[in-house]
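Enquirer: Hey, dropping start-v7.csv in here, CSV, C-alpha atoms:
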chain,number,residue,atom,x,y,z
A,1,MET,CA,-27.4,172.2,87.9
A,2,GLY,CA,-26.4,170.8,91.3
A,3,GLY,CA,-23.0,170.9,92.9
A,4,MET,CA,-20.4,168.1,93.2
A,5,SER,CA,-18.8,166.2,96.2
A,6,LEU,CA,-16.8,167.7,99.0
A,7,ILE,CA,-13.4,166.7,97.5
A,8,VAL,CA,-14.2,168.5,94.2
A,9,ARG,CA,-15.4,171.6,96.1
A,10,ARG,CA,-12.3,171.8,98.3
A,11,ILE,CA,-9.9,171.4,95.3
A,12,THR,CA,-11.9,174.0,93.3
A,13,GLU,CA,-11.5,176.5,96.2
A,14,ILE,CA,-7.8,176.0,96.1
A,15,VAL,CA,-7.2,175.9,92.3
A,16,CYS,CA,-9.8,178.4,91.0
A,17,GLY,CA,-8.0,181.6,92.0
A,18,PHE,CA,-4.7,180.4,90.5
A,19,ILE,CA,-6.4,179.7,87.2
A,20,PHE,CA,-7.9,183.2,87.3
A,21,MET,CA,-4.5,184.7,88.1
A,22,TYR,CA,-3.0,182.8,85.2
A,23,GLY,CA,-5.6,184.2,82.8
A,24,LEU,CA,-4.8,187.7,84.0
A,25,TYR,CA,-1.1,187.1,83.5
A,26,ILE,CA,-1.8,185.8,79.9
A,27,ILE,CA,-3.8,189.0,79.1
A,28,LEU,CA,-1.4,191.5,80.7
A,29,HIS,CA,1.7,189.9,79.0
A,30,GLY,CA,-0.1,189.5,75.7
A,31,HIS,CA,2.4,191.7,73.9
A,32,LEU,CA,5.5,190.0,75.3
A,33,THR,CA,4.8,186.3,75.4
A,34,PRO,CA,2.5,183.9,73.5
A,35,GLY,CA,-1.1,184.4,74.4
A,36,GLY,CA,-3.2,187.5,74.4
A,37,GLY,CA,-6.6,188.8,75.1
A,38,PHE,CA,-8.6,185.9,73.6
A,39,ALA,CA,-6.6,183.1,75.2
A,40,GLY,CA,-6.5,184.8,78.6
A,41,GLY,CA,-10.2,185.6,78.4
A,42,VAL,CA,-11.1,182.0,77.7
A,43,ILE,CA,-8.9,180.9,80.7
A,44,ILE,CA,-10.7,183.3,83.0
A,45,ALA,CA,-14.1,182.1,81.7
A,46,GLY,CA,-12.8,178.5,82.4
A,47,SER,CA,-12.1,179.3,86.0
A,48,LEU,CA,-15.6,180.8,86.5
A,49,ILE,CA,-17.1,177.8,84.8
A,50,LEU,CA,-15.1,175.5,87.1
A,51,ARG,CA,-16.7,177.2,90.1
A,52,VAL,CA,-20.2,176.8,88.7
A,53,LEU,CA,-19.6,173.1,87.9
A,54,ALA,CA,-18.3,172.4,91.4
A,55,PHE,CA,-20.7,174.5,93.5
A,56,GLY,CA,-23.8,174.4,91.4
A,57,SER,CA,-25.6,177.3,89.7
A,58,GLY,CA,-28.1,178.2,92.4
A,59,THR,CA,-25.7,180.3,94.6
A,60,GLU,CA,-26.4,184.0,95.2
A,61,SER,CA,-23.2,185.2,93.7
A,62,GLU,CA,-24.0,183.5,90.4
A,63,ARG,CA,-27.3,185.3,90.3
A,64,MET,CA,-25.7,188.6,90.9
A,65,LEU,CA,-23.1,187.9,88.2
A,66,SER,CA,-25.6,186.9,85.6
A,67,LYS,CA,-27.2,190.3,85.9
A,68,ARG,CA,-23.9,192.2,85.5
A,69,ILE,CA,-22.4,190.1,82.8
A,70,PRO,CA,-24.0,191.7,79.7
A,71,LYS,CA,-22.7,195.1,81.0
A,72,LEU,CA,-19.2,193.7,81.6
A,73,MET,CA,-19.2,192.4,78.0
A,74,SER,CA,-20.2,195.8,76.7
A,75,VAL,CA,-17.5,197.5,78.8
A,76,GLY,CA,-14.8,195.2,77.3
A,77,LEU,CA,-16.0,195.9,73.7
A,78,LEU,CA,-16.2,199.6,74.4
A,79,ILE,CA,-12.6,199.6,75.7
A,80,PHE,CA,-11.4,198.1,72.4
A,81,TRP,CA,-13.5,200.4,70.2
A,82,GLY,CA,-12.3,203.4,72.3
A,83,ALA,CA,-8.7,202.3,71.8
A,84,ALA,CA,-9.3,202.1,68.1
A,85,PHE,CA,-11.0,205.6,68.0
A,86,THR,CA,-8.2,207.4,70.0
A,87,GLY,CA,-6.0,207.3,66.9
A,88,LEU,CA,-8.9,208.7,64.8
A,89,LEU,CA,-9.5,211.5,67.3
A,90,MET,CA,-5.9,212.5,68.0
A,91,ALA,CA,-4.3,212.1,64.5
A,92,GLY,CA,-7.1,211.4,62.0
A,93,ILE,CA,-6.0,207.8,61.3
A,94,PHE,CA,-8.1,204.8,62.6
A,95,PHE,CA,-6.1,202.4,64.7
A,96,LEU,CA,-3.0,204.6,64.7
A,97,ASN,CA,-0.8,203.3,67.5
A,98,ALA,CA,2.9,203.8,67.7
A,99,PRO,CA,3.4,207.4,66.5
A,100,ILE,CA,1.1,208.8,69.2
A,101,PHE,CA,1.8,206.6,72.2
A,102,GLY,CA,5.5,205.7,71.6
A,103,LEU,CA,7.1,202.3,71.3
A,104,GLY,CA,8.4,202.0,74.8
A,105,THR,CA,11.3,199.7,75.7
A,106,PRO,CA,11.0,196.2,74.3
A,107,PHE,CA,10.3,193.4,76.9
A,108,HIS,CA,8.8,195.9,79.4
A,109,LEU,CA,5.3,195.6,80.6
A,110,LEU,CA,4.4,199.2,79.6
A,111,SER,CA,5.4,199.1,75.9
A,112,ALA,CA,3.9,198.7,72.5
A,113,GLY,CA,1.5,201.7,72.8
A,114,LEU,CA,-2.1,200.7,72.8
A,115,ILE,CA,-1.7,196.9,72.5
A,116,PRO,CA,-2.0,196.1,76.2
A,117,ILE,CA,-5.2,198.2,76.4
A,118,CYS,CA,-6.7,196.4,73.4
A,119,ASN,CA,-5.7,193.1,75.0
A,120,ILE,CA,-7.5,194.0,78.3
A,121,GLY,CA,-10.6,195.0,76.4
A,122,ILE,CA,-10.7,191.8,74.4
A,123,GLY,CA,-10.0,189.8,77.5
A,124,ILE,CA,-13.0,191.3,79.4
A,125,ASN,CA,-15.2,190.9,76.4
A,126,VAL,CA,-14.3,187.2,75.7
A,127,ALA,CA,-14.4,186.1,79.4
A,128,ALA,CA,-17.8,187.7,80.0
A,129,GLY,CA,-19.2,186.5,76.6
A,130,LEU,CA,-18.1,182.8,76.9
A,131,PHE,CA,-19.2,182.6,80.6
A,132,SER,CA,-22.6,184.0,79.8
A,133,ILE,CA,-23.0,181.6,76.9
A,134,PHE,CA,-22.1,178.7,79.3
A,135,LEU,CA,-24.6,180.0,81.9
A,136,ALA,CA,-27.4,180.4,79.3
A,137,PHE,CA,-26.9,177.0,77.5
A,138,ALA,CA,-25.8,174.7,80.2
A,139,ALA,CA,-26.2,175.9,83.8
A,140,VAL,CA,-29.4,178.0,84.5
A,141,LYS,CA,-32.8,177.3,83.1
A,142,TYR,CA,-33.6,180.9,82.2
A,143,PHE,CA,-31.0,183.7,82.0
A,144,MET,CA,-31.8,187.0,83.8
A,145,GLU,CA,-34.9,185.9,85.6
A,146,GLU,CA,-36.5,188.7,87.6
B,1,MET,CA,6.8,165.6,58.8
B,2,ILE,CA,5.5,162.1,59.2
B,3,GLU,CA,3.9,162.8,62.6
B,4,ILE,CA,1.8,165.6,61.0
B,5,TYR,CA,0.3,163.0,58.7
B,6,LEU,CA,-0.2,160.5,61.5
B,7,PHE,CA,-2.1,163.2,63.5
B,8,LEU,CA,-4.2,164.1,60.4
B,9,ILE,CA,-5.2,160.4,59.9
B,10,PHE,CA,-6.1,160.2,63.6
B,11,MET,CA,-8.2,163.3,63.4
B,12,ILE,CA,-10.1,162.0,60.3
B,13,ILE,CA,-10.8,158.7,62.1
B,14,ALA,CA,-12.0,160.5,65.3
B,15,ALA,CA,-14.2,162.8,63.2
B,16,VAL,CA,-15.9,159.8,61.5
B,17,ILE,CA,-16.4,158.2,64.9
B,18,ALA,CA,-18.0,161.4,66.2
B,19,ILE,CA,-20.5,161.4,63.4
B,20,GLU,CA,-21.3,157.7,63.3
B,21,ILE,CA,-21.5,156.6,67.0
B,22,LYS,CA,-24.9,156.3,68.7
B,23,ASN,CA,-23.9,157.5,72.2
B,24,LEU,CA,-23.7,161.3,72.2
B,25,LEU,CA,-21.3,161.4,75.2
B,26,ALA,CA,-18.8,159.3,73.2
B,27,ALA,CA,-19.3,161.6,70.2
B,28,ALA,CA,-18.5,164.6,72.3
B,29,ILE,CA,-15.3,162.9,73.5
B,30,ALA,CA,-14.3,162.1,69.9
B,31,VAL,CA,-14.8,165.8,69.0
B,32,GLY,CA,-12.5,166.6,71.9
B,33,ALA,CA,-9.9,164.2,70.5
B,34,VAL,CA,-10.0,166.0,67.1
B,35,GLY,CA,-9.5,169.4,68.8
B,36,PHE,CA,-6.6,168.3,71.0
B,37,SER,CA,-4.9,166.7,68.0
B,38,ALA,CA,-5.2,170.0,66.3
B,39,ALA,CA,-3.6,171.7,69.3
B,40,ILE,CA,-0.7,169.2,69.2
B,41,LEU,CA,-0.3,169.9,65.4
B,42,PHE,CA,0.0,173.6,66.2
B,43,ILE,CA,2.7,172.9,68.7
B,44,ILE,CA,4.6,170.7,66.1
B,45,LEU,CA,4.2,173.6,63.6
B,46,GLN,CA,5.7,176.0,66.2
B,47,ALA,CA,2.6,178.2,66.8
B,48,PRO,CA,2.2,178.4,70.6
B,49,ASP,CA,-0.3,181.2,70.4
B,50,LEU,CA,-2.7,179.1,68.4
B,51,ALA,CA,-2.0,176.1,70.5
B,52,ILE,CA,-3.0,177.9,73.8
B,53,VAL,CA,-6.3,179.2,72.2
B,54,GLN,CA,-7.1,175.8,70.7
B,55,ILE,CA,-6.6,173.9,74.0
B,56,VAL,CA,-8.7,176.3,76.1
B,57,VAL,CA,-11.5,176.6,73.6
B,58,GLU,CA,-11.6,172.9,73.1
B,59,ILE,CA,-11.9,172.3,76.9
B,60,LEU,CA,-14.7,174.8,77.1
B,61,THR,CA,-16.5,173.3,74.1
B,62,VAL,CA,-16.4,169.8,75.5
B,63,ILE,CA,-17.6,171.0,78.9
B,64,ILE,CA,-20.5,172.8,77.3
B,65,PHE,CA,-21.4,169.7,75.2
B,66,VAL,CA,-21.2,167.3,78.2
B,67,ALA,CA,-23.3,169.7,80.4
B,68,VAL,CA,-26.0,169.9,77.7
B,69,ILE,CA,-26.0,166.1,77.2
B,70,PHE,CA,-26.4,165.6,80.9
B,71,ARG,CA,-29.4,167.9,81.0
B,72,THR,CA,-31.1,166.4,77.9
B,73,THR,CA,-30.4,162.9,76.4
B,74,ASP,CA,-27.4,160.9,75.3
B,75,ILE,CA,-28.8,158.8,72.5
B,76,ASP,CA,-28.5,159.9,68.9
B,77,LYS,CA,-31.8,158.7,67.3
B,78,THR,CA,-30.7,159.5,63.7
B,79,VAL,CA,-27.9,156.9,63.5
B,80,GLY,CA,-28.7,153.4,62.1
B,81,LYS,CA,-32.1,154.3,60.6
B,82,GLN,CA,-33.2,152.8,57.3
B,83,LEU,CA,-32.3,155.2,54.5
B,84,THR,CA,-35.1,156.4,52.1
B,85,SER,CA,-34.5,156.3,48.3
B,86,MET,CA,-34.2,160.1,48.2
B,87,GLN,CA,-31.5,160.1,50.8
B,88,ILE,CA,-29.5,157.4,48.8
B,89,LEU,CA,-29.9,159.6,45.7
B,90,GLY,CA,-28.5,162.6,47.7
B,91,ILE,CA,-25.6,160.5,48.9
B,92,VAL,CA,-24.8,159.5,45.3
B,93,PHE,CA,-24.9,163.1,44.1
B,94,TYR,CA,-22.8,164.2,47.0
B,95,GLY,CA,-20.1,161.5,46.3
B,96,PHE,CA,-20.1,162.6,42.6
B,97,PHE,CA,-19.5,166.2,43.4
B,98,ALA,CA,-16.9,165.4,46.1
B,99,LEU,CA,-15.0,163.3,43.5
B,100,LEU,CA,-15.3,166.2,41.0
B,101,PHE,CA,-14.0,168.6,43.7
B,102,ILE,CA,-11.0,166.4,44.5
B,103,ILE,CA,-10.1,166.1,40.8
B,104,ILE,CA,-10.2,169.9,40.2
B,105,SER,CA,-8.5,170.8,43.5
B,106,GLU,CA,-5.7,168.3,42.7
B,107,ARG,CA,-4.9,170.2,39.5
B,108,ILE,CA,-5.1,173.5,41.4
B,109,LEU,CA,-3.0,172.4,44.3
B,110,ASN,CA,-0.2,171.3,41.9
B,111,THR,CA,0.3,175.0,41.0
B,112,LEU,CA,0.8,176.1,44.6
B,113,PRO,CA,4.4,176.7,46.0
B,114,PRO,CA,5.8,174.1,48.3
B,115,PHE,CA,5.2,174.0,52.1
B,116,GLY,CA,7.1,176.7,53.9
B,117,SER,CA,7.5,179.3,51.1
B,118,PRO,CA,4.2,181.1,50.9
B,119,ILE,CA,2.8,183.2,48.1
B,120,MET,CA,1.9,186.1,50.4
B,121,LYS,CA,5.1,188.2,50.6
B,122,VAL,CA,3.4,190.6,53.1
B,123,ALA,CA,4.0,188.1,55.9
B,124,GLY,CA,7.7,188.6,55.7
B,125,GLU,CA,7.2,192.4,55.8
B,126,TYR,CA,5.2,192.0,59.0
B,127,ILE,CA,7.8,189.9,60.7
B,128,LYS,CA,10.6,192.4,59.7
B,129,LEU,CA,8.7,195.5,60.8
B,130,GLY,CA,6.9,194.1,63.9
B,131,LEU,CA,9.4,195.1,66.6
B,132,PRO,CA,10.6,198.4,65.1
B,133,LYS,CA,7.2,199.8,64.1
B,134,VAL,CA,4.9,198.5,66.9
B,135,GLY,CA,7.2,197.6,69.8
B,136,GLY,CA,5.6,194.4,71.1
B,137,THR,CA,7.9,191.4,71.3
B,138,ASN,CA,5.1,188.9,70.6
B,139,ILE,CA,4.9,189.2,66.8
B,140,VAL,CA,1.4,187.7,66.7
B,141,ALA,CA,0.0,190.4,69.0
B,142,ASP,CA,1.7,193.0,66.8
B,143,ILE,CA,0.0,191.7,63.7
B,144,ILE,CA,-3.5,191.0,65.0
B,145,LEU,CA,-3.7,194.2,67.0
B,146,ASP,CA,-1.8,196.7,64.9
B,147,PHE,CA,-1.3,195.7,61.2
B,148,ARG,CA,-4.5,193.7,61.1
B,149,GLY,CA,-6.4,195.6,63.9
B,150,LEU,CA,-9.6,196.0,62.0
B,151,ASP,CA,-10.0,192.2,61.6
B,152,THR,CA,-9.7,191.7,65.3
B,153,LEU,CA,-12.2,194.6,66.0
B,154,GLY,CA,-14.7,192.8,63.7
B,155,GLU,CA,-14.0,189.5,65.4
B,156,ALA,CA,-14.6,190.9,68.9
B,157,THR,CA,-17.8,192.5,67.7
B,158,VAL,CA,-19.0,189.2,66.2
B,159,LEU,CA,-18.3,187.4,69.5
B,160,PHE,CA,-20.2,190.2,71.4
B,161,THR,CA,-23.1,189.9,69.0
B,162,SER,CA,-23.4,186.1,69.2
B,163,ALA,CA,-23.3,186.2,73.0
B,164,ILE,CA,-26.0,188.9,73.0
B,165,GLY,CA,-28.0,186.7,70.6
B,166,VAL,CA,-27.7,183.7,72.9
B,167,LEU,CA,-28.9,185.8,75.9
B,168,ALA,CA,-31.8,187.1,73.9
B,169,VAL,CA,-32.9,183.6,73.0
B,170,MET,CA,-32.5,182.1,76.4
B,171,ARG,CA,-33.8,185.0,78.6
B,172,LYS,CA,-36.9,184.9,80.8
B,173,ALA,CA,-37.5,188.6,81.4
B,174,GLY,CA,-39.8,190.0,78.7
B,175,ARG,CA,-40.9,186.5,77.5
B,176,LYS,CA,-44.6,185.8,76.9
Would it be possible to restate this file's structure as structure tokens?
Expert:
Amino acid sequence: MGGMSLIVRRITEIVCGFIFMYGLYIILHGHLTPGGGFAGGVIIAGSLILRVLAFGSGTESERMLSKRIPKLMSVGLLIFWGAAFTGLLMAGIFFLNAPIFGLGTPFHLLSAGLIPICNIGIGINVAAGLFSIFLAFAAVKYFMEE
Amino acid sequence: MIEIYLFLIFMIIAAVIAIEIKNLLAAAIAVGAVGFSAAILFIILQAPDLAIVQIVVEILTVIIFVAVIFRTTDIDKTVGKQLTSMQILGIVFYGFFALLFIIISERILNTLPPFGSPIMKVAGEYIKLGLPKVGGTNIVADIILDFRGLDTLGEATVLFTSAIGVLAVMRKAGRK
């Protein structure tokens, strides 16, 4: 897949980082405002896809990313599973949240116990998964060519 | 309430266009119209969480469709062909069972409670206990990550598995 014209590339350079930051904001504030891990992860994947569409899929950074993406996906899922298993290890109840970690003050960033950690795990998993699906289906001919 | 029905009728028309049109690019755009109407419906029904997810997923889906169409072909060869007799028989059977389904479901839907007063009383408990028991001010995050955490765990695992499946099908390393 080739790149696009100079205007599109310039605009993408400016906008792409802001979209990524917005995705991070949606994930980190998932327990306070509408949104959460899934929506923020899809927005982050969208910013990466915008870069591929504008600059083409042959760049070196894309090739590096396509090798690391399955590992990133696994890390996201493991964070979520680990958050689920901490309740089992510490108190014997799967997914036990508030009695161990405390409620925190409402409307603060560090509140609601494990929910922010779960959101971060889901966000990494969804962003890496959707971006790898896009790369495999639409952008590169073969994934993970050695 | 009337705008909900207007959007539903628009979605049905766009879905029929998406199936019946010969140009695949136009079909992908019609699918996008259906998805964005669903997002506007979620906003009207006051579900901003669902609306955000629906909008971003719809953008991603349409981009993937368009990218695949640009790489392959944009003409649907199955539209407008002469139907064989077995296909006509199948359509007749399908119409018969659809009619039967509508008649039966009309009788069942009459027994349901009206819009806005659900059967599931557990939802009210979740809304009452969300802030004092979990502590998150976004009630949707409280429900999907604490009360219904196991569902979300399975959902994330399914997404992981499907992405791994796509990578396994499209890979080059290890292929003969």
Enquirer: How would you write as a ChimeraX atom specification the residues that get within 12 Å of (7.3, 193.4, 68.8) in the file's frame, counting only C-alpha atoms?
Expert: /A:30-34,98,103-108,111-113,115 /B:126-147
Enquirer: At most 9 Å is the cut-off: for each residue in chain A with any atom that close to an atom of chain B, write down the nearest atom pair and the distance in Å rounded to one decimal, counting all atoms listed in the file, chain first then increasing number, as JSON lines.
Expert:
{"residue": "A:Met1", "atom": "CA", "partner": "B:Arg71", "partner_atom": "CA", "distance": 8.4}
{"residue": "A:Gly30", "atom": "CA", "partner": "B:Ala141", "partner_atom": "CA", "distance": 6.8}
{"residue": "A:His31", "atom": "CA", "partner": "B:Gly136", "partner_atom": "CA", "distance": 5.0}
{"residue": "A:Leu32", "atom": "CA", "partner": "B:Asn138", "partner_atom": "CA", "distance": 4.8}
{"residue": "A:Thr33", "atom": "CA", "partner": "B:Asn138", "partner_atom": "CA", "distance": 5.5}
{"residue": "A:Pro34", "atom": "CA", "partner": "B:Asp49", "partner_atom": "CA", "distance": 5.0}
{"residue": "A:Gly35", "atom": "CA", "partner": "B:Asp49", "partner_atom": "CA", "distance": 5.2}
{"residue": "A:Gly36", "atom": "CA", "partner": "B:Ala141", "partner_atom": "CA", "distance": 6.9}
{"residue": "A:Phe38", "atom": "CA", "partner": "B:Val53", "partner_atom": "CA", "distance": 7.2}
{"residue": "A:Ala39", "atom": "CA", "partner": "B:Val53", "partner_atom": "CA", "distance": 4.9}
{"residue": "A:Gly40", "atom": "CA", "partner": "B:Val53", "partner_atom": "CA", "distance": 8.5}
{"residue": "A:Val42", "atom": "CA", "partner": "B:Val56", "partner_atom": "CA", "distance": 6.4}
{"residue": "A:Ile43", "atom": "CA", "partner": "B:Val56", "partner_atom": "CA", "distance": 6.5}
{"residue": "A:Ala45", "atom": "CA", "partner": "B:Leu60", "partner_atom": "CA", "distance": 8.6}
{"residue": "A:Gly46", "atom": "CA", "partner": "B:Leu60", "partner_atom": "CA", "distance": 6.7}
{"residue": "A:Ile49", "atom": "CA", "partner": "B:Leu60", "partner_atom": "CA", "distance": 8.6}
{"residue": "A:Pro70", "atom": "CA", "partner": "B:Ile164", "partner_atom": "CA", "distance": 7.5}
{"residue": "A:Met73", "atom": "CA", "partner": "B:Phe160", "partner_atom": "CA", "distance": 7.0}
{"residue": "A:Ser74", "atom": "CA", "partner": "B:Phe160", "partner_atom": "CA", "distance": 7.7}
{"residue": "A:Leu77", "atom": "CA", "partner": "B:Ala156", "partner_atom": "CA", "distance": 7.1}
{"residue": "A:Phe80", "atom": "CA", "partner": "B:Leu153", "partner_atom": "CA", "distance": 7.3}
{"residue": "A:Trp81", "atom": "CA", "partner": "B:Leu153", "partner_atom": "CA", "distance": 7.3}
{"residue": "A:Ala84", "atom": "CA", "partner": "B:Gly149", "partner_atom": "CA", "distance": 8.3}
{"residue": "A:Phe94", "atom": "CA", "partner": "B:Leu150", "partner_atom": "CA", "distance": 8.9}
{"residue": "A:Phe95", "atom": "CA", "partner": "B:Gly149", "partner_atom": "CA", "distance": 6.9}
{"residue": "A:Leu96", "atom": "CA", "partner": "B:Asp146", "partner_atom": "CA", "distance": 8.0}
{"residue": "A:Asn97", "atom": "CA", "partner": "B:Asp146", "partner_atom": "CA", "distance": 7.2}
{"residue": "A:Ala98", "atom": "CA", "partner": "B:Val134", "partner_atom": "CA", "distance": 5.7}
{"residue": "A:Pro99", "atom": "CA", "partner": "B:Lys133", "partner_atom": "CA", "distance": 8.8}
{"residue": "A:Gly102", "atom": "CA", "partner": "B:Gly135", "partner_atom": "CA", "distance": 8.5}
{"residue": "A:Leu103", "atom": "CA", "partner": "B:Gly135", "partner_atom": "CA", "distance": 4.9}
{"residue": "A:Gly104", "atom": "CA", "partner": "B:Gly135", "partner_atom": "CA", "distance": 6.8}
{"residue": "A:Thr105", "atom": "CA", "partner": "B:Gly135", "partner_atom": "CA", "distance": 7.5}
{"residue": "A:Pro106", "atom": "CA", "partner": "B:Gly135", "partner_atom": "CA", "distance": 6.1}
{"residue": "A:Phe107", "atom": "CA", "partner": "B:Thr137", "partner_atom": "CA", "distance": 6.4}
{"residue": "A:Ser111", "atom": "CA", "partner": "B:Gly135", "partner_atom": "CA", "distance": 6.5}
{"residue": "A:Ala112", "atom": "CA", "partner": "B:Gly135", "partner_atom": "CA", "distance": 4.4}
{"residue": "A:Gly113", "atom": "CA", "partner": "B:Val134", "partner_atom": "CA", "distance": 7.5}
{"residue": "A:Leu114", "atom": "CA", "partner": "B:Leu145", "partner_atom": "CA", "distance": 8.9}
{"residue": "A:Ile115", "atom": "CA", "partner": "B:Leu145", "partner_atom": "CA", "distance": 6.4}
{"residue": "A:Cys118", "atom": "CA", "partner": "B:Leu145", "partner_atom": "CA", "distance": 7.4}
{"residue": "A:Asn119", "atom": "CA", "partner": "B:Leu145", "partner_atom": "CA", "distance": 8.3}
{"residue": "A:Ile122", "atom": "CA", "partner": "B:Ala156", "partner_atom": "CA", "distance": 6.8}
{"residue": "A:Asn125", "atom": "CA", "partner": "B:Phe160", "partner_atom": "CA", "distance": 7.1}
{"residue": "A:Val126", "atom": "CA", "partner": "B:Leu159", "partner_atom": "CA", "distance": 7.4}
{"residue": "A:Gly129", "atom": "CA", "partner": "B:Ala163", "partner_atom": "CA", "distance": 5.5}
{"residue": "A:Leu130", "atom": "CA", "partner": "B:Ala163", "partner_atom": "CA", "distance": 7.3}
{"residue": "A:Ser132", "atom": "CA", "partner": "B:Ala163", "partner_atom": "CA", "distance": 7.2}
{"residue": "A:Ile133", "atom": "CA", "partner": "B:Ala163", "partner_atom": "CA", "distance": 6.0}
{"residue": "A:Phe134", "atom": "CA", "partner": "B:Ile64", "partner_atom": "CA", "distance": 6.4}
{"residue": "A:Ala136", "atom": "CA", "partner": "B:Met170", "partner_atom": "CA", "distance": 6.1}
{"residue": "A:Phe137", "atom": "CA", "partner": "B:Val68", "partner_atom": "CA", "distance": 7.2}
{"residue": "A:Ala138", "atom": "CA", "partner": "B:Val68", "partner_atom": "CA", "distance": 5.4}
{"residue": "A:Ala139", "atom": "CA", "partner": "B:Ala67", "partner_atom": "CA", "distance": 7.6}
{"residue": "A:Lys141", "atom": "CA", "partner": "B:Met170", "partner_atom": "CA", "distance": 8.2}
{"residue": "A:Tyr142", "atom": "CA", "partner": "B:Lys172", "partner_atom": "CA", "distance": 5.4}
{"residue": "A:Phe143", "atom": "CA", "partner": "B:Arg171", "partner_atom": "CA", "distance": 4.6}
{"residue": "A:Met144", "atom": "CA", "partner": "B:Arg171", "partner_atom": "CA", "distance": 5.9}
{"residue": "A:Glu145", "atom": "CA", "partner": "B:Lys172", "partner_atom": "CA", "distance": 5.3}
{"residue": "A:Glu146", "atom": "CA", "partner": "B:Ala173", "partner_atom": "CA", "distance": 6.3}
Enquirer: Near stretch 22-32 of chain B, counting all atoms listed in the file, which residues have an atom at most 7 Å away, once you skip same-chain residues fewer than 6 positions from it, shown as a ChimeraX atom specification?
Expert: /B:14-15,58,62,65-66,69,74-76,79
Enquirer: The selected residues should be written to file as a tab-separated table (two decimals), in the frame of the given file (atoms: C-alpha atoms).
Expert:
chain	number	residue	atom	x	y	z
B	14	ALA	CA	-12.00	160.50	65.30
B	15	ALA	CA	-14.20	162.80	63.20
B	58	GLU	CA	-11.60	172.90	73.10
B	62	VAL	CA	-16.40	169.80	75.50
B	65	PHE	CA	-21.40	169.70	75.20
B	66	VAL	CA	-21.20	167.30	78.20
B	69	ILE	CA	-26.00	166.10	77.20
B	74	ASP	CA	-27.40	160.90	75.30
B	75	ILE	CA	-28.80	158.80	72.50
B	76	ASP	CA	-28.50	159.90	68.90
B	79	VAL	CA	-27.90	156.90	63.50
Enquirer: If you measure from atom CA of B:Pro118 to atom CA of B:Ile2, what distance in Å do you get, rounded to one decimal?
Expert: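 Atom CA of B:Pro118 sits 20.8 Å away from atom CA of B:Ile2.
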Enquirer: Atom CA of A:Ile27 and atom CA of A:Ile120 are how many Å apart?
Expert: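 Distance reported for this atom pair: 6.3 Å.
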Enquirer: Expressed in Å to a single decimal, how great is the separation between atom CA of A:Ser47 and atom CA of A:Pro116?
Expert: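 Computing it gives 21.9 Å between the two atoms.
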